[in-house]
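Printed here is final39.csv (CSV, C-alpha atoms):
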```
chain,number,residue,atom,x,y,z
A,1,MET,CA,0.0,0.0,0.0
A,2,LEU,CA,2.7,2.4,1.0
A,3,ASN,CA,4.8,1.1,-1.8
A,4,ALA,CA,2.1,2.1,-4.3
A,5,VAL,CA,1.7,5.6,-2.7
A,6,TRP,CA,5.4,6.2,-2.9
A,7,ALA,CA,5.8,4.9,-6.5
A,8,LEU,CA,2.7,7.0,-7.5
A,9,LEU,CA,4.2,10.2,-6.0
A,10,MET,CA,7.6,9.7,-7.8
A,11,LEU,CA,6.2,8.6,-11.2
A,12,VAL,CA,3.5,11.3,-11.3
A,13,ALA,CA,6.2,13.9,-10.4
A,14,LEU,CA,8.5,12.7,-13.1
A,15,GLY,CA,5.7,12.4,-15.7
A,16,VAL,CA,4.2,15.8,-14.9
A,17,GLY,CA,7.8,17.3,-14.9
A,18,GLY,CA,8.4,15.9,-18.3
A,19,ALA,CA,5.1,17.1,-19.7
A,20,HIS,CA,5.2,20.6,-18.2
A,21,GLY,CA,8.9,21.4,-18.8
A,22,THR,CA,9.7,21.5,-15.1
A,23,ILE,CA,11.9,18.3,-15.4
A,24,ASP,CA,15.1,20.3,-14.9
A,25,SER,CA,14.0,21.6,-11.5
A,26,VAL,CA,12.7,18.2,-10.5
A,27,GLY,CA,16.0,16.5,-11.5
A,28,SER,CA,18.2,18.9,-9.6
A,29,GLY,CA,15.7,19.2,-6.8
A,30,LEU,CA,16.0,15.5,-6.0
A,31,PHE,CA,19.5,15.9,-4.7
A,32,THR,CA,19.1,19.3,-2.9
A,33,GLN,CA,16.0,17.9,-1.2
A,34,ALA,CA,17.9,14.7,-0.2
A,35,MET,CA,20.6,16.9,1.4
A,36,GLN,CA,17.8,19.0,3.1
A,37,ALA,CA,16.3,15.8,4.4
A,38,THR,CA,19.6,14.7,5.8
A,39,LYS,CA,20.2,17.9,7.7
A,40,LEU,CA,16.7,17.7,9.2
A,41,ALA,CA,17.2,14.0,10.1
A,42,ILE,CA,20.4,14.9,12.1
A,43,ASP,CA,18.5,17.6,14.1
A,44,LEU,CA,15.6,15.2,14.6
A,45,ALA,CA,17.9,12.4,15.8
A,46,ALA,CA,19.4,14.7,18.4
A,47,VAL,CA,16.0,15.5,19.9
A,48,THR,CA,14.8,11.8,19.7
A,49,ALA,CA,17.9,10.5,21.4
A,50,PHE,CA,17.4,13.1,24.2
A,51,TRP,CA,13.8,12.0,24.7
A,52,PHE,CA,14.6,8.3,24.7
A,53,GLY,CA,17.3,8.9,27.3
A,54,LEU,CA,14.8,10.7,29.5
A,55,SER,CA,12.1,8.1,29.1
A,56,ARG,CA,14.6,5.4,30.2
A,57,ILE,CA,15.2,7.3,33.4
A,58,ALA,CA,11.4,7.6,34.0
A,59,GLU,CA,10.9,3.9,33.4
A,60,LYS,CA,13.8,2.8,35.8
A,61,SER,CA,12.8,5.2,38.6
A,62,GLY,CA,9.3,3.8,38.7
A,63,LEU,CA,7.8,7.2,37.8
A,64,LEU,CA,5.7,5.7,34.9
A,65,GLU,CA,4.3,3.2,37.3
A,66,THR,CA,3.3,5.9,39.8
A,67,LEU,CA,1.7,7.9,37.1
A,68,ALA,CA,-0.3,4.9,35.9
A,69,ARG,CA,-2.0,4.4,39.3
A,70,PRO,CA,-4.8,7.1,39.0
A,71,LEU,CA,-6.0,5.4,35.7
A,72,MET,CA,-6.8,2.1,37.4
A,73,PRO,CA,-10.4,3.0,38.5
A,74,LEU,CA,-11.3,4.1,34.9
A,75,LEU,CA,-9.8,0.9,33.4
A,76,ARG,CA,-11.7,-1.2,36.0
A,77,PHE,CA,-14.9,0.5,34.9
A,78,LEU,CA,-14.2,0.0,31.1
A,79,PHE,CA,-13.0,-3.6,31.3
A,80,ARG,CA,-15.7,-4.9,33.6
A,81,LYS,CA,-15.4,-8.5,32.4
A,82,LEU,CA,-11.8,-8.8,33.5
A,83,PRO,CA,-11.4,-10.1,37.1
A,84,GLU,CA,-10.2,-7.7,39.7
A,85,GLY,CA,-6.4,-7.6,40.0
A,86,HIS,CA,-5.9,-9.0,36.5
A,87,PRO,CA,-2.3,-8.3,35.4
A,88,ALA,CA,-3.5,-6.7,32.2
A,89,PHE,CA,-4.8,-3.7,34.2
A,90,ALA,CA,-1.4,-2.3,35.3
A,91,LEU,CA,0.1,-3.0,31.9
A,92,MET,CA,-2.6,-1.2,30.1
A,93,ALA,CA,-2.4,1.8,32.5
A,94,MET,CA,1.3,2.1,32.0
A,95,ASN,CA,0.9,1.9,28.2
A,96,LEU,CA,-1.7,4.7,28.2
A,97,VAL,CA,0.4,6.9,30.6
A,98,ALA,CA,3.6,6.4,28.5
A,99,ASN,CA,1.6,7.3,25.4
A,100,ALA,CA,0.1,10.4,27.1
A,101,LEU,CA,3.6,11.6,27.9
A,102,GLY,CA,4.8,11.0,24.4
A,103,LEU,CA,7.1,8.2,25.4
A,104,GLY,CA,6.3,5.9,22.6
A,105,SER,CA,9.3,3.7,23.2
A,106,ALA,CA,8.2,2.9,26.7
A,107,ALA,CA,4.6,2.5,25.7
A,108,THR,CA,5.0,-0.3,23.1
A,109,PRO,CA,6.5,-3.0,25.4
A,110,PHE,CA,3.7,-2.4,28.0
A,111,GLY,CA,1.1,-2.6,25.3
A,112,LEU,CA,2.4,-5.8,23.8
A,113,LYS,CA,2.5,-7.4,27.3
A,114,ALA,CA,-1.1,-6.2,28.0
A,115,MET,CA,-2.3,-7.8,24.8
A,116,GLN,CA,-0.7,-11.1,25.9
A,117,GLU,CA,-2.6,-11.0,29.2
A,118,LEU,CA,-5.8,-10.2,27.4
A,119,SER,CA,-5.2,-13.0,25.0
A,120,HIS,CA,-4.7,-15.5,27.9
A,121,ALA,CA,-8.1,-14.5,29.2
A,122,MET,CA,-9.8,-15.7,26.0
A,123,PRO,CA,-10.6,-19.2,24.9
A,124,ASP,CA,-10.4,-18.4,21.1
A,125,LYS,CA,-6.8,-17.2,20.5
A,126,GLU,CA,-7.3,-16.4,16.8
A,127,THR,CA,-10.1,-13.9,17.2
A,128,ALA,CA,-9.8,-10.4,18.7
A,129,SER,CA,-11.9,-10.1,21.8
A,130,ASP,CA,-14.1,-7.0,22.6
A,131,ASP,CA,-11.6,-6.1,25.4
A,132,MET,CA,-8.6,-6.4,23.0
A,133,ILE,CA,-10.3,-4.1,20.5
A,134,LEU,CA,-11.3,-1.6,23.2
A,135,PHE,CA,-7.7,-1.5,24.3
A,136,LEU,CA,-6.5,-1.1,20.7
A,137,VAL,CA,-8.8,1.8,20.0
A,138,LEU,CA,-8.0,3.5,23.3
A,139,ASN,CA,-4.4,3.1,22.4
A,140,SER,CA,-4.7,4.5,18.9
A,141,ALA,CA,-6.9,7.4,20.2
A,142,ALA,CA,-4.6,7.7,23.2
A,143,LEU,CA,-4.9,10.8,25.3
A,144,ASN,CA,-1.7,12.7,24.5
A,145,LEU,CA,-0.5,15.4,26.9
A,146,LEU,CA,3.0,15.9,25.5
A,147,PRO,CA,3.4,15.1,21.8
A,148,ALA,CA,7.2,14.9,22.0
A,149,GLY,CA,7.9,13.8,18.5
A,150,THR,CA,5.9,16.7,17.1
A,151,ILE,CA,7.6,19.2,19.4
A,152,ALA,CA,10.9,17.8,18.1
A,153,MET,CA,9.9,18.3,14.5
A,154,ARG,CA,8.6,21.8,15.0
A,155,ALA,CA,11.9,22.7,16.8
A,156,ALA,CA,13.9,21.2,13.9
A,157,ALA,CA,11.9,23.3,11.4
A,158,GLY,CA,12.8,26.4,13.3
A,159,SER,CA,9.5,27.2,15.1
A,160,LEU,CA,9.4,30.0,17.5
A,161,ASP,CA,7.1,28.0,19.7
A,162,PRO,CA,7.7,24.3,19.2
A,163,ALA,CA,5.4,23.2,22.0
A,164,GLY,CA,2.6,25.6,20.8
A,165,THR,CA,0.4,22.8,19.4
A,166,ALA,CA,0.6,20.6,22.5
A,167,LEU,CA,-2.7,21.8,24.0
A,168,ALA,CA,-4.6,21.6,20.7
A,169,SER,CA,-3.4,18.0,20.4
A,170,THR,CA,-4.5,17.2,23.9
A,171,ILE,CA,-8.0,18.6,23.2
A,172,VAL,CA,-8.2,16.6,20.0
A,173,THR,CA,-7.1,13.3,21.6
A,174,GLY,CA,-9.6,14.0,24.4
A,175,VAL,CA,-12.5,14.2,21.9
A,176,ALA,CA,-11.1,11.1,20.1
A,177,PHE,CA,-10.9,9.2,23.4
A,178,VAL,CA,-14.5,9.8,24.2
A,179,SER,CA,-15.6,9.0,20.6
A,180,ALA,CA,-13.6,5.8,20.8
A,181,LEU,CA,-15.6,4.7,23.9
A,182,ILE,CA,-18.9,5.5,22.3
A,183,LEU,CA,-18.1,4.0,18.9
A,184,HIS,CA,-16.7,0.9,20.5
A,185,GLY,CA,-20.1,0.4,22.2
A,186,VAL,CA,-21.9,0.9,18.8
A,187,PHE,CA,-19.6,-1.4,16.8
A,188,ARG,CA,-19.7,-4.1,19.5
A,189,ARG,CA,-23.5,-4.1,19.4
A,190,VAL,CA,-23.6,-4.2,15.6
A,191,ALA,CA,-21.1,-7.0,15.5
A,192,ARG,CA,-23.1,-9.0,18.0
A,193,THR,CA,-26.4,-8.7,16.3
A,194,SER,CA,-25.0,-9.5,12.8
A,195,ALA,CA,-23.0,-12.5,14.1
B,1,MET,CA,-5.7,33.2,23.9
B,2,ILE,CA,-2.9,32.0,21.6
B,3,GLN,CA,-0.2,33.4,23.7
B,4,ALA,CA,-1.6,31.9,26.9
B,5,VAL,CA,-1.8,28.5,25.3
B,6,GLY,CA,1.7,28.8,24.0
B,7,SER,CA,3.2,29.9,27.3
B,8,VAL,CA,1.5,27.1,29.3
B,9,ALA,CA,2.7,24.5,26.7
B,10,GLY,CA,6.2,26.1,26.8
B,11,TRP,CA,6.4,25.2,30.5
B,12,LEU,CA,5.3,21.6,30.0
B,13,VAL,CA,8.7,20.3,28.7
B,14,PRO,CA,11.0,21.9,31.3
B,15,ILE,CA,8.7,20.9,34.2
B,16,PHE,CA,8.5,17.3,32.9
B,17,VAL,CA,12.3,17.1,32.5
B,18,ALA,CA,12.9,18.4,36.0
B,19,ALA,CA,10.3,16.0,37.5
B,20,VAL,CA,11.9,13.0,35.8
B,21,LEU,CA,15.4,13.9,36.9
B,22,LEU,CA,14.4,14.7,40.5
B,23,HIS,CA,12.4,11.5,40.8
B,24,GLY,CA,15.3,9.5,39.4
B,25,LEU,CA,17.7,11.1,41.8
B,26,TRP,CA,15.4,10.3,44.7
B,27,ARG,CA,15.1,6.7,43.6
B,28,ARG,CA,18.9,6.5,43.2
B,29,VAL,CA,18.7,5.7,39.5
B,30,ASP,CA,22.1,6.0,37.8
B,31,LEU,CA,20.9,9.0,35.8
B,32,ILE,CA,23.7,9.4,33.3
B,33,ALA,CA,24.0,5.7,32.5
B,34,GLU,CA,20.3,5.2,31.9
B,35,PHE,CA,20.1,8.4,29.9
B,36,VAL,CA,22.9,7.3,27.7
B,37,SER,CA,21.6,3.8,27.1
B,38,GLY,CA,18.1,5.2,26.3
B,39,ALA,CA,19.6,7.9,24.0
B,40,ARG,CA,21.6,5.3,22.2
B,41,GLU,CA,18.4,3.4,21.5
B,42,GLY,CA,16.8,6.6,20.2
B,43,LEU,CA,19.7,7.2,17.9
B,44,GLN,CA,19.5,3.7,16.5
B,45,LEU,CA,15.8,4.2,15.9
B,46,SER,CA,16.6,7.5,14.1
B,47,VAL,CA,19.2,5.8,11.9
B,48,SER,CA,16.8,3.0,10.9
B,49,LEU,CA,14.1,5.6,10.2
B,50,PHE,CA,16.3,7.8,8.1
B,51,PRO,CA,16.0,5.9,4.7
B,52,TYR,CA,12.1,6.2,5.0
B,53,LEU,CA,12.4,9.9,5.8
B,54,LEU,CA,14.7,10.4,2.8
B,55,ALA,CA,12.4,8.4,0.5
B,56,ILE,CA,9.2,10.3,1.4
B,57,TYR,CA,10.9,13.7,1.6
B,58,VAL,CA,12.3,13.4,-1.9
B,59,ALA,CA,9.1,12.0,-3.3
B,60,VAL,CA,6.9,14.7,-1.8
B,61,ALA,CA,9.4,17.4,-2.9
B,62,ALA,CA,9.5,16.1,-6.5
B,63,PHE,CA,5.7,15.9,-6.5
B,64,ARG,CA,5.6,19.6,-5.4
B,65,MET,CA,8.3,20.9,-7.7
B,66,SER,CA,7.0,19.3,-10.8
B,67,GLY,CA,3.7,21.2,-10.5
B,68,ALA,CA,1.8,17.9,-9.8
B,69,LEU,CA,0.6,19.1,-6.4
B,70,GLU,CA,-0.8,22.3,-7.9
B,71,MET,CA,-2.7,20.3,-10.5
B,72,LEU,CA,-4.1,18.0,-7.9
B,73,SER,CA,-5.0,21.0,-5.7
B,74,ALA,CA,-6.8,22.6,-8.7
B,75,TRP,CA,-8.8,19.5,-9.3
B,76,LEU,CA,-9.8,19.0,-5.7
B,77,ALA,CA,-10.3,22.7,-4.9
B,78,PRO,CA,-14.1,22.7,-5.8
B,79,VAL,CA,-14.7,19.9,-3.3
B,80,LEU,CA,-12.4,21.1,-0.5
B,81,ARG,CA,-12.8,24.9,-0.7
B,82,PRO,CA,-16.3,24.9,0.7
B,83,LEU,CA,-15.0,23.0,3.7
B,84,GLY,CA,-12.0,25.2,4.1
B,85,VAL,CA,-9.5,22.3,3.9
B,86,PRO,CA,-6.1,23.2,2.5
B,87,ALA,CA,-5.2,20.8,-0.4
B,88,ALA,CA,-1.7,20.4,0.9
B,89,LEU,CA,-3.1,18.5,3.8
B,90,LEU,CA,-4.6,15.7,1.7
B,91,PRO,CA,-1.4,13.5,1.4
B,92,LEU,CA,-0.9,13.6,5.2
B,93,LEU,CA,-4.5,12.5,5.9
B,94,LEU,CA,-4.0,9.6,3.5
B,95,VAL,CA,-0.6,8.5,4.8
B,96,ARG,CA,-1.0,9.2,8.5
B,97,PRO,CA,-2.7,5.8,9.5
B,98,LEU,CA,-0.3,3.8,7.2
B,99,SER,CA,3.2,4.8,8.2
B,100,GLY,CA,4.7,6.8,11.1
B,101,SER,CA,7.9,7.4,9.3
B,102,ALA,CA,6.2,8.5,6.1
B,103,SER,CA,3.8,10.9,7.9
B,104,SER,CA,6.8,12.3,9.9
B,105,GLY,CA,8.5,13.0,6.6
B,106,LEU,CA,5.4,14.6,5.2
B,107,VAL,CA,4.9,16.8,8.3
B,108,LEU,CA,8.6,17.8,8.3
B,109,SER,CA,8.4,18.8,4.6
B,110,LEU,CA,5.1,20.7,5.2
B,111,LEU,CA,6.6,22.5,8.2
B,112,HIS,CA,9.6,23.5,6.1
B,113,GLN,CA,7.5,24.6,3.1
B,114,HIS,CA,4.8,26.5,4.8
B,115,GLY,CA,6.6,27.5,8.1
B,116,PRO,CA,6.0,25.8,11.4
B,117,ASP,CA,4.1,28.8,12.8
B,118,SER,CA,1.7,29.3,9.9
B,119,PHE,CA,-1.9,28.1,10.0
B,120,LEU,CA,-1.0,25.0,8.0
B,121,GLY,CA,2.1,24.4,10.2
B,122,HIS,CA,0.0,24.5,13.3
B,123,LEU,CA,-2.7,22.3,11.8
B,124,VAL,CA,-0.4,19.5,10.6
B,125,SER,CA,1.4,19.6,14.0
B,126,THR,CA,-1.9,19.2,15.8
B,127,ILE,CA,-2.9,16.3,13.6
B,128,GLN,CA,0.5,14.6,13.9
B,129,GLY,CA,0.6,15.1,17.7
B,130,SER,CA,-2.9,13.7,18.2
B,131,SER,CA,-3.0,10.7,16.0
B,132,GLU,CA,-1.4,7.2,15.8
B,133,THR,CA,-0.2,5.0,13.1
B,134,THR,CA,-3.3,3.0,13.4
B,135,LEU,CA,-2.5,0.3,10.8
B,136,TYR,CA,0.9,-0.3,12.3
B,137,VAL,CA,-0.5,-0.5,15.9
B,138,LEU,CA,-3.2,-2.9,14.8
B,139,THR,CA,-0.8,-5.1,12.8
B,140,VAL,CA,1.9,-5.2,15.5
B,141,TYR,CA,-0.4,-5.6,18.6
B,142,LEU,CA,-2.7,-8.2,17.1
B,143,GLY,CA,0.1,-10.0,15.3
B,144,SER,CA,2.1,-10.3,18.5
B,145,VAL,CA,-0.6,-12.5,20.1
B,146,GLY,CA,-1.4,-14.4,16.9
B,147,VAL,CA,-4.9,-13.0,16.2
B,148,ARG,CA,-6.1,-13.5,12.7
B,149,ARG,CA,-9.6,-12.3,12.8
B,150,SER,CA,-9.5,-8.6,13.9
B,151,ARG,CA,-13.4,-8.3,13.6
B,152,TYR,CA,-14.4,-4.6,13.8
B,153,ALA,CA,-11.0,-3.3,15.0
B,154,LEU,CA,-10.0,-1.6,11.7
B,155,PRO,CA,-13.2,0.1,10.8
B,156,LEU,CA,-13.6,1.3,14.4
B,157,CYS,CA,-10.0,2.7,14.7
B,158,LEU,CA,-10.2,4.4,11.3
B,159,SER,CA,-13.6,6.0,12.2
B,160,VAL,CA,-12.0,7.3,15.4
B,161,ASP,CA,-9.1,8.6,13.3
B,162,ALA,CA,-11.4,10.5,11.0
B,163,ILE,CA,-13.2,12.1,14.0
B,164,GLY,CA,-9.7,13.1,15.3
B,165,TYR,CA,-8.7,14.8,12.0
B,166,ALA,CA,-12.0,16.7,11.8
B,167,THR,CA,-11.6,17.8,15.4
B,168,ALA,CA,-8.0,18.9,14.8
B,169,PHE,CA,-9.3,21.0,11.9
B,170,ILE,CA,-11.9,22.7,14.0
B,171,VAL,CA,-9.6,23.3,17.0
B,172,ALA,CA,-6.8,24.7,14.7
B,173,GLY,CA,-9.3,27.0,13.0
B,174,TRP,CA,-10.5,28.2,16.3
B,175,LEU,CA,-7.0,28.8,17.7
B,176,TRP,CA,-4.9,30.1,14.8
B,177,HIS,CA,-7.1,31.3,12.0
```

Could you quickly redo this structure as C-alpha cells?
Amino acid sequence: MLNAVWALLMLVALGVGGAHGTIDSVGSGLFTQAMQATKLAIDLAAVTAFWFGLSRIAEKSGLLETLARPLMPLLRFLFRKLPEGHPAFALMAMNLVANALGLGSAATPFGLKAMQELSHAMPDKETASDDMILFLVLNSAALNLLPAGTIAMRAAAGSLDPAGTALASTIVTGVAFVSALILHGVFRRVARTSA
Amino acid sequence: MIQAVGSVAGWLVPIFVAAVLLHGLWRRVDLIAEFVSGAREGLQLSVSLFPYLLAIYVAVAAFRMSGALEMLSAWLAPVLRPLGVPAALLPLLLVRPLSGSASSGLVLSLLHQHGPDSFLGHLVSTIQGSSETTLYVLTVYLGSVGVRRSRYALPLCLSVDAIGYATAFIVAGWLWH
C-alpha cells in the first residue's frame, strides 16, 4: 500500500515534470532535497535521542508506574469482564500513561504485554476479543499530553514556539478518546447482532 | 488566547524534564548511565528511520516541484474549498494511518515549506501530535498474540481517526485562523 503511494508520487512527479517542462528543477531538486532531508534528520535524531534517554530514566525510577495508578479505576470500569487484579490492568495503564507523555518507546512493550494478558483471558486465541479491540482503539486514540515527536519536528523546522500545538493535540485526543468509547459500544453491538 | 496556550505549553517540557530527573535522583537511579543507554536506542531508531524519511521527503518534494501538487489541488479545490480544507493537507491524511515514518517525513516537509508557525504548520502539527499510526499499531499488537480475525477493529479505529482529523481542523481553525 505504502509502496504504491510512494511509486505514484515519484512517477507522477517525473511524468508531470516531463510534460510541463519542469523536469530540470525536478531533477536537480531530487539531490538538494535529499541533502535537506539529511540535515533535518540529524536535528531530529538529536531530539529523539534526548527524549529516549529521559524516558529510560522515568521507566527505571518507577515514575511511569506511579503515574499509571490514577488510571486504574477508569480501566476497571471500562473492562468490567476482567477479574479484579488481572495483570492486564497495570500494563494497560502504564501503556496509556507512557503514550500520554509522548514516550512511545516505553509504551509499546507495556502494550504488547497487555495484549498477551488479554489473550490469555480468552478461549479463542485467533479472534480479537471485545476487550482487546477496546484497548487497541483507546491506544490508537490515546490521550496525549505531550506530543514529544511533534515538538521535536517543530523545533527542527525552526518554530518560535515548538510546544505551541501541544494543548490543541490534547483537546483533539480527548475528543477522540470519548468518541472511541462511544463508537466501541456501537460497533460491538452491531457485530453481536449481525453475528 | 494563543499566547496563553503557548506559554503554558512552553512550561510543560522543562517541568517534565525536572520531574523525571528529581524522581530518578530520589530513587537512586544511575541517571547518566540510563540516559545514555536510552539515548543510544533513540539514535539507533533515528538511523533506521532515516531511509524512510529520505524516500518520502524526496518524493513529496518532487511531486511539489513538478507542479503535480498544484494540478491535484486545482482538481480538488471545488470539493475542498467549501470545507476550508487546504489541499496540501490531503497527502498527510491519506498516509497518517499507514506509516509513522512516512507521515513524519510529510509533516517535516510541510513545516519547512509553509513554516511551522503558519496556520497549516499549526494544523499539521496538531494532527501529527494527536493521531497514531493505526494500521501499524493494529498489525503489531494483534500480530504479537497471533490474532487472525480482527473483527471490527480496523473500521472502528479508522472511524475514530477520521473524527480526530475533523476535530483537529476545528480546533486549529479556532486557535490560529

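Pairwise distance (atom CA of Ala180 of chain A, atom CA of Leu134 of chain A) equals 8.1 Å.
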
Selection: 9 Å around Gly149 of chain A, only C-alpha atoms, excl. self and same-chain fewer than 3 positions, as a ChimeraX atom specification: /A:44,47-48,51,102-103,146,152-154 /B:104,128-129

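For the pair atom CA of Ala77 of chain B and atom CA of Leu90 of chain B, the interatomic distance is 11.2 Å.
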
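In this structure, atom CA of Leu54 of chain B sits 11.8 Å away from atom CA of Ile42 of chain A.
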
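Distances to Leu72 of chain B were evaluated for B:Pro14, B:Pro91, B:Gly100, B:Gly164 using only C-alpha atoms, and the minimum falls at B:Pro91.
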
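Using only C-alpha atoms, the smallest distance between any of B:Phe35, B:Tyr136, B:Trp11, B:Phe16 and chain A comes from B:Phe35.
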
Residue contacts of segment 189-193 of chain A (9 Å, all atoms listed in the file) excluding same-chain residues fewer than 5 positions away, as a ChimeraX atom specification: /A:184 /B:151-152

Near-Ala176 of chain A list (10 Å; all atoms listed in the file; drop same-chain fewer than 6 positions) as a PyMOL selection string: (chain A and resi 137-138+140-143+170+182) or (chain B and resi 130-131+159-165+167-168)

Kindly provide, as an mmCIF file with C-alpha atoms, in the coordinates of the input, the polymer residues lying within 6 Å of (8.0, 24.4, -12.2), counting all atoms listed in the file and using the coordinates exactly as they appear in the file.
```
data_model
loop_
_atom_site.group_PDB
_atom_site.id
_atom_site.type_symbol
_atom_site.label_atom_id
_atom_site.label_comp_id
_atom_site.auth_asym_id
_atom_site.auth_seq_id
_atom_site.Cartn_x
_atom_site.Cartn_y
_atom_site.Cartn_z
ATOM 1 C CA THR A 22 9.700 21.500 -15.100
ATOM 2 C CA MET B 65 8.300 20.900 -7.700
ATOM 3 C CA SER B 66 7.000 19.300 -10.800
ATOM 4 C CA GLY B 67 3.700 21.200 -10.500
#
```

Residues within 10 Å of Met132 of chain A, all atoms listed in the file, excluding chain neighbours under 6 positions, as an NGL selection string: (:A and (79 or 114-119 or 122 or 138)) or (:B and (141-142 or 150 or 153))

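You can rank B:Ala18, B:Leu108, B:Ala74, B:Val124 by their closest distance to chain A using all atoms listed in the file, and at the top of that list sits B:Leu108.
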
Residue nearest Val145 of chain B - candidates A:Ala41, A:Leu167, A:Met35, A:Ala121, atoms counted: all atoms listed in the file: A:Ala121

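Candidate residues A:Pro70, A:Gly17, A:Gly62, A:Gly85 were compared for distance to chain B, and the nearest is A:Gly17, using only C-alpha atoms.
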
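Between chain B and the residues A:Gly53, A:Pro162, A:Gly18, A:Pro83, the shortest atom-to-atom distance, using all atoms listed in the file, involves A:Gly53.
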
Residue neighbourhood segment 5-13 of chain A, 10 Å, only C-alpha atoms, exclusion window fewer than 2 positions, as a ChimeraX atom specification: /A:1-3,15-19,22-23,26 /B:55-56,58-69,91,94-95,102
